[in-house]
Structures are given as structure tokens and as C-alpha cells.
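A short worksheet on the structure shown next.
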Amino acid sequence: EFTKLAGSRAALAQECEQAAGVFRPRTPIWFLALVGVDPERRREGLGRAVIIPGLPPADADHSPAFVETQEPENINFYESLGFTVTAELELPHRGPIHYAMYRPPH
């Protein structure tokens with residue numbers, strides 16, 4: 001259960017999730033969630049190795065793809081895969097900037 005995982009930060013996490021949810025597509029979409037690479041292993045192609053296999057099935061399904069990041073340095077990476085920033089918002093309680101990114105089907 002989410003509350004057990006988030007512990008004392010469950011209310012804050014829920015508030016951030018609701019804020020980011022406003023910018024999520026309402027139509028069927030491939031949502032890439034929880035993609036991450038250890039900072040010490042960046043630039044080794046690991047992110048591409050995880051994400052690229054999901055893009056052809058999305059394209060074959062004529063479905064757009066969607067990803068979110070809070071790391072500005074990830075924007076260029078996702079743009080290189082065909083995503084564009086569709087929204088930016090500061091998360092509640094002076095949280096980081098949250099970027100919503102969309103990729104049309106190819």
C-alpha cells in the first residue's frame with residue numbers, strides 16, 4: 001500500500017501526485033514511470049536501453065508516450081528520444097520543478 005511505502009511523507013507525496021496529475025494526458029497513452037539511472041552510471045546507455053524497447057510498441061499501437069522528470073538535465077535526453085516538454089510546475093511546498101513530456105507516435 002502506498003501509505004506504508006511513503007510513511008510520514010504520504011500526505012506530501014499525495015499532494016505532489018495530485019499537482020502533477022493535472023498535466024497528465026486523459027487519453028490512452030504509454031506512460032513511462034520510474035525510470036532512473038544511478039548518477040555514477042550515467043552516459044553508459046542504460047537509460048536508452050530501458051526506454052527504447054518501449055517506444056516501437058507504442059508506435060505500433062499508434063499511441064503517444066509520456067514521461068515525467070524533476071531533473072532538468074534529463075530534458076535533453078528525453079528530447080533526443082522525441083519527447084517535448086508540455087508542462088512545468090513547481091511542486092507543492094517549494095518542491096522541485098516537475099516536467100511533463102510528451103512524444104507523439106512515430
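Residues in the C-alpha cells are named by chain (A, B, ... in the order shown) and by number from 1 within that chain; ligands are numbered from 1 in the order shown.
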Which of chain A fall in strand (DSSP E), as a PyMOL selection string: chain A and resi 30-32+65-69+84-90+97-103
Could you write those residues out with N, CA and C atoms, as a CSV table (one decimal), in the first residue's frame?
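Dumped everything to out.csv:
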```csv
chain,number,residue,atom,x,y,z
A,30,TRP,N,1.1,5.6,-23.5
A,30,TRP,CA,2.1,4.8,-22.9
A,30,TRP,C,2.8,5.7,-21.9
A,31,PHE,N,2.7,5.4,-20.6
A,31,PHE,CA,3.3,6.2,-19.5
A,31,PHE,C,4.6,5.5,-19.0
A,32,LEU,N,5.7,6.1,-19.2
A,32,LEU,CA,7.0,5.6,-18.8
A,32,LEU,C,7.2,6.1,-17.3
A,65,ALA,N,3.5,8.6,-26.1
A,65,ALA,CA,4.2,8.2,-24.9
A,65,ALA,C,4.4,9.4,-24.0
A,66,PHE,N,4.5,9.2,-22.7
A,66,PHE,CA,4.5,10.3,-21.7
A,66,PHE,C,5.5,9.9,-20.7
A,67,VAL,N,6.3,10.9,-20.2
A,67,VAL,CA,7.2,10.7,-19.1
A,67,VAL,C,7.3,12.0,-18.3
A,68,GLU,N,7.7,11.8,-17.1
A,68,GLU,CA,7.8,13.0,-16.2
A,68,GLU,C,9.2,12.9,-15.6
A,69,THR,N,9.8,14.1,-15.3
A,69,THR,CA,11.1,14.2,-14.7
A,69,THR,C,11.2,15.4,-13.8
A,84,THR,N,8.8,16.1,-26.0
A,84,THR,CA,8.9,17.6,-25.8
A,84,THR,C,8.2,17.9,-24.5
A,85,VAL,N,8.7,19.0,-23.8
A,85,VAL,CA,8.1,19.4,-22.6
A,85,VAL,C,6.8,20.0,-22.9
A,86,THR,N,5.7,19.6,-22.2
A,86,THR,CA,4.4,20.1,-22.4
A,86,THR,C,3.9,20.9,-21.1
A,87,ALA,N,4.6,20.7,-20.0
A,87,ALA,CA,4.2,21.5,-18.8
A,87,ALA,C,5.4,21.5,-17.8
A,88,GLU,N,5.5,22.6,-17.1
A,88,GLU,CA,6.4,22.7,-16.0
A,88,GLU,C,5.6,23.2,-14.8
A,89,LEU,N,5.9,22.6,-13.6
A,89,LEU,CA,5.2,23.2,-12.4
A,89,LEU,C,6.1,23.0,-11.2
A,90,GLU,N,6.1,23.9,-10.3
A,90,GLU,CA,6.8,23.8,-9.1
A,90,GLU,C,5.9,23.0,-8.2
A,97,ILE,N,11.0,21.6,-9.6
A,97,ILE,CA,10.2,21.8,-10.8
A,97,ILE,C,10.0,20.4,-11.4
A,98,HIS,N,8.7,20.2,-11.8
A,98,HIS,CA,8.3,18.9,-12.4
A,98,HIS,C,8.0,19.1,-13.8
A,99,TYR,N,8.6,18.3,-14.7
A,99,TYR,CA,8.4,18.5,-16.2
A,99,TYR,C,7.6,17.3,-16.7
A,100,ALA,N,6.6,17.7,-17.4
A,100,ALA,CA,5.8,16.6,-18.1
A,100,ALA,C,6.2,16.7,-19.6
A,101,MET,N,6.5,15.5,-20.2
A,101,MET,CA,7.0,15.4,-21.5
A,101,MET,C,6.2,14.4,-22.3
A,102,TYR,N,5.9,14.8,-23.6
A,102,TYR,CA,5.0,14.0,-24.5
A,102,TYR,C,5.8,13.7,-25.7
A,103,ARG,N,5.5,12.5,-26.3
A,103,ARG,CA,6.1,12.0,-27.5
A,103,ARG,C,5.0,11.5,-28.4
```
Residue among A:Glu73, A:His93, A:Ala58, A:Arg41 lying closest to His106 of chain A, counting only C-alpha atoms: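 Of A:Glu73, A:His93, A:Ala58, A:Arg41, the one nearest His106 of chain A is A:Ala58, counting only C-alpha atoms.
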Which residues are near Ala49 of chain A? Cut-off 12 Å, only C-alpha atoms, ignore same chain within fewer than 4 positions. Put them as a short mmCIF file (atom, residue, chain, number, x, y, z; two decimals) with N, CA and C atoms, in the first residue's frame.
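Result file is part_27.cif:
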```cif
data_model
loop_
_atom_site.label_atom_id
_atom_site.label_comp_id
_atom_site.auth_asym_id
_atom_site.auth_seq_id
_atom_site.Cartn_x
_atom_site.Cartn_y
_atom_site.Cartn_z
N VAL A 35 11.68 5.61 -14.24
CA VAL A 35 12.91 5.32 -14.96
C VAL A 35 14.03 6.06 -14.25
N GLY A 36 15.10 5.38 -13.94
CA GLY A 36 16.21 6.05 -13.27
C GLY A 36 17.52 5.32 -13.48
N VAL A 37 18.59 6.09 -13.46
CA VAL A 37 19.94 5.55 -13.60
C VAL A 37 20.78 6.13 -12.48
N ARG A 42 25.62 7.19 -15.34
CA ARG A 42 25.08 7.96 -16.46
C ARG A 42 26.06 7.98 -17.62
N ARG A 43 25.48 8.17 -18.79
CA ARG A 43 26.24 8.26 -20.05
C ARG A 43 26.81 6.91 -20.48
N GLU A 44 26.22 5.83 -19.97
CA GLU A 44 26.63 4.48 -20.39
C GLU A 44 25.57 3.83 -21.29
N GLY A 45 24.50 4.55 -21.59
CA GLY A 45 23.45 4.00 -22.44
C GLY A 45 22.39 3.20 -21.70
N PRO A 53 13.22 0.10 -25.94
CA PRO A 53 12.36 -1.05 -26.27
C PRO A 53 10.86 -0.78 -26.13
N GLY A 54 10.48 0.21 -25.34
CA GLY A 54 9.07 0.53 -25.19
C GLY A 54 8.51 1.43 -26.26
N LEU A 55 9.36 2.11 -27.02
CA LEU A 55 8.86 3.06 -28.00
C LEU A 55 8.28 2.41 -29.26
N LEU A 81 14.91 11.47 -27.70
CA LEU A 81 14.06 10.32 -27.99
C LEU A 81 12.70 10.74 -28.56
#
```
Nearest candidate to Ala13 of chain A (options A:Pro72, A:Pro25, A:Pro92, A:Gly47; using only C-alpha atoms):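 Looking at the shortest contact to Ala13 of chain A, the residue is A:Pro92.
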Find the spatial neighbours of Gly95 of chain A, counting only C-alpha atoms, within a cut-off of 12 Å - ignore same-chain residues fewer than 5 positions away - and output them as an mmCIF file with all heavy atoms, in the first residue's frame.
```
data_model
loop_
_atom_site.group_PDB
_atom_site.id
_atom_site.type_symbol
_atom_site.label_atom_id
_atom_site.label_comp_id
_atom_site.auth_asym_id
_atom_site.auth_seq_id
_atom_site.Cartn_x
_atom_site.Cartn_y
_atom_site.Cartn_z
ATOM 1 N N LEU A 12 2.330 14.492 1.791
ATOM 2 C CA LEU A 12 3.076 15.333 0.853
ATOM 3 C C LEU A 12 3.173 14.662 -0.510
ATOM 4 O O LEU A 12 2.956 15.296 -1.547
ATOM 5 C CB LEU A 12 4.472 15.632 1.393
ATOM 6 C CG LEU A 12 5.394 16.408 0.458
ATOM 7 C CD1 LEU A 12 4.824 17.784 0.127
ATOM 8 C CD2 LEU A 12 6.774 16.526 1.073
ATOM 9 N N ALA A 13 3.469 13.377 -0.517
ATOM 10 C CA ALA A 13 3.564 12.644 -1.789
ATOM 11 C C ALA A 13 2.234 12.665 -2.527
ATOM 12 O O ALA A 13 2.191 12.849 -3.750
ATOM 13 C CB ALA A 13 4.020 11.211 -1.537
ATOM 14 N N GLU A 15 -0.100 14.961 -2.270
ATOM 15 C CA GLU A 15 -0.313 16.332 -2.743
ATOM 16 C C GLU A 15 0.486 16.593 -4.028
ATOM 17 O O GLU A 15 -0.024 17.191 -4.977
ATOM 18 C CB GLU A 15 0.101 17.309 -1.643
ATOM 19 C CG GLU A 15 -0.348 18.724 -1.876
ATOM 20 C CD GLU A 15 -0.032 19.631 -0.694
ATOM 21 O OE1 GLU A 15 0.205 19.147 0.434
ATOM 22 O OE2 GLU A 15 -0.024 20.852 -0.911
ATOM 23 N N CYS A 16 1.716 16.124 -4.077
ATOM 24 C CA CYS A 16 2.547 16.291 -5.273
ATOM 25 C C CYS A 16 1.971 15.491 -6.440
ATOM 26 O O CYS A 16 1.948 15.964 -7.583
ATOM 27 C CB CYS A 16 3.984 15.860 -4.986
ATOM 28 S SG CYS A 16 4.847 16.985 -3.867
ATOM 29 N N GLU A 17 1.501 14.304 -6.158
ATOM 30 C CA GLU A 17 0.898 13.459 -7.199
ATOM 31 C C GLU A 17 -0.331 14.140 -7.787
ATOM 32 O O GLU A 17 -0.527 14.143 -9.001
ATOM 33 C CB GLU A 17 0.532 12.100 -6.601
ATOM 34 C CG GLU A 17 -0.065 11.128 -7.570
ATOM 35 C CD GLU A 17 0.903 10.650 -8.637
ATOM 36 O OE1 GLU A 17 2.124 10.781 -8.470
ATOM 37 O OE2 GLU A 17 0.423 10.151 -9.661
ATOM 38 N N ALA A 19 -0.940 17.389 -7.875
ATOM 39 C CA ALA A 19 -0.500 18.563 -8.632
ATOM 40 C C ALA A 19 0.015 18.154 -10.009
ATOM 41 O O ALA A 19 -0.336 18.756 -11.024
ATOM 42 C CB ALA A 19 0.583 19.313 -7.861
ATOM 43 N N ALA A 20 0.831 17.110 -10.067
ATOM 44 C CA ALA A 20 1.382 16.652 -11.344
ATOM 45 C C ALA A 20 0.310 16.029 -12.218
ATOM 46 O O ALA A 20 0.360 16.126 -13.449
ATOM 47 C CB ALA A 20 2.501 15.651 -11.095
ATOM 48 N N GLN A 70 12.010 15.342 -12.809
ATOM 49 C CA GLN A 70 12.267 16.505 -11.961
ATOM 50 C C GLN A 70 13.736 16.901 -12.071
ATOM 51 O O GLN A 70 14.217 17.727 -11.302
ATOM 52 C CB GLN A 70 11.881 16.195 -10.514
ATOM 53 C CG GLN A 70 10.401 15.970 -10.373
ATOM 54 C CD GLN A 70 10.015 15.406 -9.024
ATOM 55 O OE1 GLN A 70 10.838 15.250 -8.129
ATOM 56 N NE2 GLN A 70 8.744 15.078 -8.870
ATOM 57 N N LEU A 89 5.866 22.645 -13.638
ATOM 58 C CA LEU A 89 5.229 23.182 -12.445
ATOM 59 C C LEU A 89 6.135 22.984 -11.246
ATOM 60 O O LEU A 89 6.899 22.025 -11.181
ATOM 61 C CB LEU A 89 3.875 22.512 -12.184
ATOM 62 C CG LEU A 89 3.895 21.070 -11.683
ATOM 63 C CD1 LEU A 89 2.845 20.908 -10.611
ATOM 64 C CD2 LEU A 89 3.613 20.118 -12.827
ATOM 65 N N GLU A 90 6.066 23.931 -10.327
ATOM 66 C CA GLU A 90 6.783 23.777 -9.067
ATOM 67 C C GLU A 90 5.908 22.952 -8.151
ATOM 68 O O GLU A 90 4.739 23.278 -7.928
ATOM 69 C CB GLU A 90 7.077 25.132 -8.436
ATOM 70 C CG GLU A 90 7.886 24.999 -7.146
ATOM 71 C CD GLU A 90 8.230 26.335 -6.514
ATOM 72 O OE1 GLU A 90 8.256 27.349 -7.228
ATOM 73 O OE2 GLU A 90 8.466 26.342 -5.297
#
```
Distance criterion (only C-alpha atoms): nearest to Ile51 of chain A out of A:Leu91, A:Thr3, A:Ala10, A:Leu34: A:Leu34
Length of the atom CA of Asp59 of chain A to atom CA of Pro39 of chain A vector [Å]: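 Calculated distance between atom CA of Asp59 of chain A and atom CA of Pro39 of chain A is 29.4 Å.
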